[in-house]
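S.K.: Quick one: the structure is below, questions incoming.
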Amino acid sequence: MASDPVIETNSVTVPITSLTFYGEYLLSGEGPFLKVYQVTHGKLICQKDVLNLAVIHGICKGFGSHFVIYGQKSLCVVSIQISQHDCVQICVESTVCELKDLIWNICWLQENSTIEQHWSQLAVILAHNSVVRWHWKERLVLQHAHCAENCILYSALLIGNTWDTLFVAAGTVFNQIVVWKPSTEQESTQRCAVQKRYTGHQGVIFNISYNADRRQLCSVSDDRSIRLWSTDGAANAVLVLYGHTARVWNCQLLDDVIVSIGEDATCKVWSYLGEVLYTFTGHKGCSIWSLAVDKDNRILATGGGDSSIRLWRLDEKKPAAVSTTDLVKVDVGVVEKLKLKRSSKVSSALDISDLTPRHVTVTNTGEVMVLIQCGALLAYKLPSQTWRCLMYDPQFQSYGVMSVAPSKKMAALGNIDGHLKVVQLDNIESSAAEKHVFQGKVLNVIWASSEDLFASGPGGHLDWYKVTTDSCDTINLIIRSKFILPSARQHWATAVSVLADEGILCGDRRGSLHVYSYDSNTLGGSHSTGQSLQRLPPCHSLFGIHGKTGVTSVCLHDGMIYSTGRDGTYRQHILKRDEEGIAKLQLLNTFKVSKGFQWLERIVFPSDEEMQILGFHTNQFLVWSVTRSERLIEVECGGGHRTWGYTVCDVGSESIATFACVKAQQIFIHRVPWQLGSRQTIVKQALHGNQVTCVKHLASFSSINEEGVEYAVCATGSEDTTVNIVMLYLRRPSNPKILHRLQAHISRVCALASCPSPLKGDKHQLSQSVLLFSVGGRCALQCWRVNLKQQNGPSSPELCCQVEHLVSYGTVDGVERRRLLKKSADLVDPETRYMDVTVWQDAVSTQTVHIAVAGSDACVRLFDLDESSRNLTLQSVTPCHDACVLSVTHLSHQSDDFIATLILTAATNGKILIWDSRQGTVVNGTLESNKGTGTSNLHHALQSTHKTLGKYLLELHHHQSGVNCLSSVQLHNDIYLLASGGDDNSLSVSIVQLSRSENNDVGVKCLNTFGLPNAHAAQVSGLHFISQSCLVSTSVDQRINLWMVEVSSDNQSISKVQLSGSKFSHIADVSCMDIWVSRSGIPHFITSGQGLQVLHIAKDQYQS
């Protein structure tokens, strides 16, 4: 080899540790990288590695476009150059300088002795309470001042811009703030005396800020408090604030408010009276680590441990709700007036009980529509607060159901006698349409569109009407079709959607979804009675898809069908036709909104990129942004068991969100400016809310729109229980783009595996279909099909990603688990964790996919997946180790002599076992999918016997403790290289040979082993062969090492394993690594942990 391979970084996604505004740009510290974002569009403009191995913790602006970047013990000076064409470049003005101690804060000194010295000096406060006067151009220490309080600091702040006026406010290990002046060094002690001491915190101090105009210090602490101190007064806190539920990391003092961020992933804005004005949420799980304030534009920027950057607007003052908790009473006068006008025979006065509201809704003009007990339909106009009576009909007294059309021009009502009535809201003088539709009460009326009205009645009857008006404003009700719901205890319709020519989708009170097909030529559009129409049964049903609490809404958006329910989930479906042309609903994914948000009522799409969920959480009505992961509106209304309405409408120059409900037998109305709901702007998407535990490459593409641009699609799993499908550009600065967030696990995701889909394994370069498997806690195995398709169009995304949940194992809800526990004593322990997974396609039956899963219960389980029928079969359970199985992989051998698939397992006892996957005879149980629901029923055999893999073929004991990773590569015919990495920091590379006996039994023997006892400084967490002679490994020591493996010419022994290249990884707590070769033939690898890092080998020095 001419030279050693060079490893280069493509992209890094890590927690945001520092933020600073610079005009219309936002500077972000992400690991050692300084990134520049355009604030308006949230676009990454450029990035540069400025601190090499250190993490950026501070960005301090100096003169012009100069900034000092610092973190840990390193600092450097850069400039941001902006050309006339808005081209931004990061220029390094000084190379990285490393001091002898940790840096807590830096400020620029304006020494005016000469022009050359102006802005050439920096004051640097170090972790042992000393200040260095540093000449950054000449890289010289001019002065070094020490405080008399000789202790370790947890935070510090430099105040001033010249050495003579410079003050230090330091948070000591003793929970105090000491103030001292570096220029007042005493000759006798060579130290500077403490001038003031602030005490009061009960924990270490994490940050200190200062407002010169108010002459106040602010400190935040481990004790979850925020304390304000006066620099002119006594040493006691003038204000103590508690509000964060965890440690507080940072704070900023503005002229009128205080801003704080904390470990509870919230950003709070306080008044100087101690009132919380805003609580900004949206960051996922992890702490908010960084905070920046644009005082001119009153914008906050926060950066979190979830790798996201979010902007928040600060208004001049806290806005108040337009309407408060006052209850609106019904005006008796307007009801009496219309009652006497419409029914002269009734002369008695209304009783107070007649005014009790039964149903309420809100129109898009801001009017609140109320159906009251006496049978009157009223409209309450906001903000004039005037009532008008639209209808009075004694037939609708005591019982009535109501729904307003999407156009808000008509309302439909049903009564206890089976009458259906439609009235116009904008023309109360026009005649209403009325029909007797059921022999019993109308249970619900639903508008699927402004012309399509559905009425649900007793016995599961569902009627479809077309509602039209003629030139005289006369309403016509024309029956289109009749349907029947499947039998159930509560079988009335709760939601209906018309799917164009595909059919009708209906959700019922039992929690089921039903698809009805119809022939447009046989619809009853020509006759209004519908006597000749037969009731159509559903052509397909998903029974109990939303549990027993009912479906609350169904809608169609961007080709996808969405349903919500009171089970706390919303589900994504598609409609497909089978071979006979019958429309069937197929579940793609199931999502939960947030913890505790169980009562979902409706999904709305204000824009193509925004999805919002309406529902109830405890006693509150919520509007939740799925895109931004935050509560937009919350109203204390008493909970979800009430009739309600919600809309956003324009009132003058602003948009107002109006919520109305029935509370205490009166009308409760809450109005709030809608711009509150759009306060947040996402500059950079969140990756995960916790550590990334595993990563898997799925596919690679070359860009259609940009020549020479390549990107990869990977899956990531995390401790936050989610699996993300992300797109990563390989050859240009970019951040990961989240294509899908998958929520099927209820515990930690431990490992991922993938293989091409046997059914849809399209080899076309523009389209790929991949099966993705994930395993984790609660003995969970999930399977998805990921369909990827490139698109060519300026307005469409370059890559279309559709994910379909196929089948699951192990993760079942509490009710189903309790039911299974009663039936069988042979269930898997719910505390069992599946630690690793590997998959391969059957060499004979290409439609079958085999899955091997390593368990913490010392067992390896083998499953077979039939993708077409969505059947997952548990084939064997093998107690293969006397310890937790940490890793499993497979070795597929194909030759002219024989075909075999070997399973390799490794455990915490340091042993590696090799098994033949074909051994064993007894099948234990089957998972059979619910015909399109994507969920699975677990049928456990009552017998306690399991099929096993028999006896292992070979045992290798190369490690002293746990073996975390395995990898293999074929050397020649039946000879393979096997590598392993463990908790003992060592690597082991072995040569194994396969053989076949006369009775077709597979044999394995180890020919030679080469061990590297100190390959890394910490446990090895990732290992892969790139080629026969090149091995890459990674470790918790944040090193990525390339090893060259030399084998003898006869392939019988390993000559040496030599380190040929090493790269520092910017990912802390490295947990996993995966490799792939891009379309251009360059090896890439990705590491996961506290973020993601994509790297590649720049020089092709390895043997292919």
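Chain labels A, B, ... are given in the sequence in which chains occur in the structure tokens; within each chain residues are numbered consecutively from 1, and ligands are likewise numbered from 1 in the order shown.
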May I have all residues of region 395-523 of chain A that DSSP, computed from the backbone, assigns to strand (DSSP E), given as a count of residues only?
M.R.: 62
S.K.: Show me, as a PyMOL selection string, the residues that have an atom within 9 Å of Gln665 (chain A) when counting only C-alpha atoms, minus same-chain residues fewer than 4 positions from it.
M.R.: chain A and resi 355-358
S.K.: Output C-alpha atoms for every residue in the selection just made, as a PDB file, in the first residue's frame.
M.R.:
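Dumped everything to again_0.pdb:
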```pdb
ATOM      1  CA  LEU A 355     -82.438  26.968  28.321  1.00  0.00           C
ATOM      2  CA  THR A 356     -79.974  24.182  29.139  1.00  0.00           C
ATOM      3  CA  PRO A 357     -77.528  23.845  26.192  1.00  0.00           C
ATOM      4  CA  ARG A 358     -77.384  20.381  24.616  1.00  0.00           C
TER       5      ARG A 358
END
```
S.K.: I'd like the neighbourhood of Asp164 (chain A) as number ranges by chain, where a residue qualifies if any of its atoms comes within 9 Å (using only C-alpha atoms), though same-chain residues fewer than 3 positions away should be ignored.
M.R.: A: 160-161, 167, 181-184
S.K.: Need to verify the contact set: region 968-975 of chain A, 6 Å, only C-alpha atoms, exclusion of same-chain residues closer than 5 positions in sequence. Can you return it as a PDB file with N, CA and C atoms, in the first residue's frame?
M.R.:
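What follows is the written file part.pdb:
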```pdb
ATOM      1  N   VAL A 992     -11.793 -19.311  10.408  1.00  0.00           N
ATOM      2  CA  VAL A 992     -12.604 -20.515  10.614  1.00  0.00           C
ATOM      3  C   VAL A 992     -12.867 -21.167   9.262  1.00  0.00           C
ATOM      4  N   GLN A 993     -12.963 -22.485   9.290  1.00  0.00           N
ATOM      5  CA  GLN A 993     -13.193 -23.251   8.066  1.00  0.00           C
ATOM      6  C   GLN A 993     -14.449 -24.094   8.214  1.00  0.00           C
ATOM      7  N   LEU A 994     -15.284 -24.069   7.160  1.00  0.00           N
ATOM      8  CA  LEU A 994     -16.525 -24.830   7.145  1.00  0.00           C
ATOM      9  C   LEU A 994     -16.311 -26.135   6.391  1.00  0.00           C
TER      10      LEU A 994
END
```
S.K.: Excluding Val786 (chain A) and any residue of its chain fewer than 4 positions from it, enumerate the residues within 6 Å of it, using only C-alpha atoms, and give them as a list in words.
M.R.: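 Once the nearby chain positions are removed, what remains is Ser769, Val770, Gln802 and Val803 of chain A.
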S.K.: Using only C-alpha atoms, which residues sit within 9 Å of His1084 (chain A) once same-chain residues fewer than 2 positions away are excluded, as a VMD selection string?
M.R.: chain A and resid 730 1074 to 1078 1082 1086 1094 to 1097
S.K.: For region 641-652 of chain A, work out the shell of residues within 7 Å, counting only C-alpha atoms and skipping chain neighbours fewer than 2 positions away, then give it as a ChimeraX atom specification.
M.R.: /A:359-366,639,654-662
S.K.: Restricting the calculation to only C-alpha atoms, which member of A:Gln195, A:Thr564, A:Ser308, A:Gln1093 is positioned closest to Leu728 (chain A)?
M.R.: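 Going through A:Gln195, A:Thr564, A:Ser308, A:Gln1093 one by one, the smallest distance to Leu728 (chain A) is for A:Gln1093.
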S.K.: Quick one: of A:Glu24, A:Pro32, A:Asp857, A:Phe616, who's nearest to Thr9 (chain A), counting only C-alpha atoms?
M.R.: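 The closest residue to Thr9 (chain A) is A:Pro32.
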S.K.: Between CA of Val713 (chain A) and CA of Met727 (chain A), measure the distance and give it in Å to one decimal.
M.R.: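 Spanning CA of Val713 (chain A) to CA of Met727 (chain A) is a straight-line distance of 4.6 Å.
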S.K.: Determine the nearest neighbour of Pro486 (chain A) from the options A:Arg918, A:Lys548, A:Lys295, A:His514, counting only C-alpha atoms.
M.R.: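 Residue with the minimum atom-to-atom distance to Pro486 (chain A): A:His514.
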S.K.: What residues in region 639-839 of chain A get the DSSP label alpha helix (DSSP H)? Please answer as a PyMOL selection string.
M.R.: chain A and resi 814-823
S.K.: Could those selected residues go to a file with N, CA, C and O atoms, as a CSV table (one decimal), in the first residue's frame?
M.R.:
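Here's the written file part.csv:
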```csv
chain,number,residue,atom,x,y,z
A,814,GLY,N,-51.6,-3.8,27.8
A,814,GLY,CA,-51.8,-4.4,29.1
A,814,GLY,C,-53.0,-5.4,29.1
A,814,GLY,O,-53.0,-6.4,29.7
A,815,VAL,N,-54.1,-5.0,28.4
A,815,VAL,CA,-55.3,-5.9,28.4
A,815,VAL,C,-55.0,-7.2,27.7
A,815,VAL,O,-55.3,-8.3,28.2
A,816,GLU,N,-54.3,-7.1,26.5
A,816,GLU,CA,-54.0,-8.4,25.8
A,816,GLU,C,-53.0,-9.2,26.6
A,816,GLU,O,-53.1,-10.4,26.6
A,817,ARG,N,-52.0,-8.5,27.2
A,817,ARG,CA,-51.0,-9.3,28.0
A,817,ARG,C,-51.7,-10.0,29.2
A,817,ARG,O,-51.4,-11.2,29.4
A,818,ARG,N,-52.6,-9.4,29.8
A,818,ARG,CA,-53.3,-10.0,31.0
A,818,ARG,C,-54.1,-11.2,30.5
A,818,ARG,O,-54.2,-12.3,31.1
A,819,ARG,N,-54.7,-11.1,29.3
A,819,ARG,CA,-55.5,-12.1,28.7
A,819,ARG,C,-54.7,-13.3,28.4
A,819,ARG,O,-55.0,-14.5,28.6
A,820,LEU,N,-53.5,-13.1,27.8
A,820,LEU,CA,-52.6,-14.2,27.5
A,820,LEU,C,-52.0,-14.9,28.7
A,820,LEU,O,-51.8,-16.1,28.7
A,821,LEU,N,-51.8,-14.1,29.8
A,821,LEU,CA,-51.3,-14.7,31.0
A,821,LEU,C,-52.2,-15.7,31.6
A,821,LEU,O,-51.8,-16.7,32.2
A,822,LYS,N,-53.5,-15.4,31.4
A,822,LYS,CA,-54.5,-16.4,31.9
A,822,LYS,C,-54.6,-17.6,31.1
A,822,LYS,O,-54.9,-18.7,31.7
A,823,LYS,N,-54.3,-17.5,29.8
A,823,LYS,CA,-54.4,-18.7,29.0
A,823,LYS,C,-53.1,-19.6,29.0
A,823,LYS,O,-53.2,-20.8,28.8
```
S.K.: CA of Val92 (chain A) to CA of Tyr22 (chain A): how many Å, to one decimal?
M.R.: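 Separating CA of Val92 (chain A) from CA of Tyr22 (chain A) is a distance of 16.9 Å.
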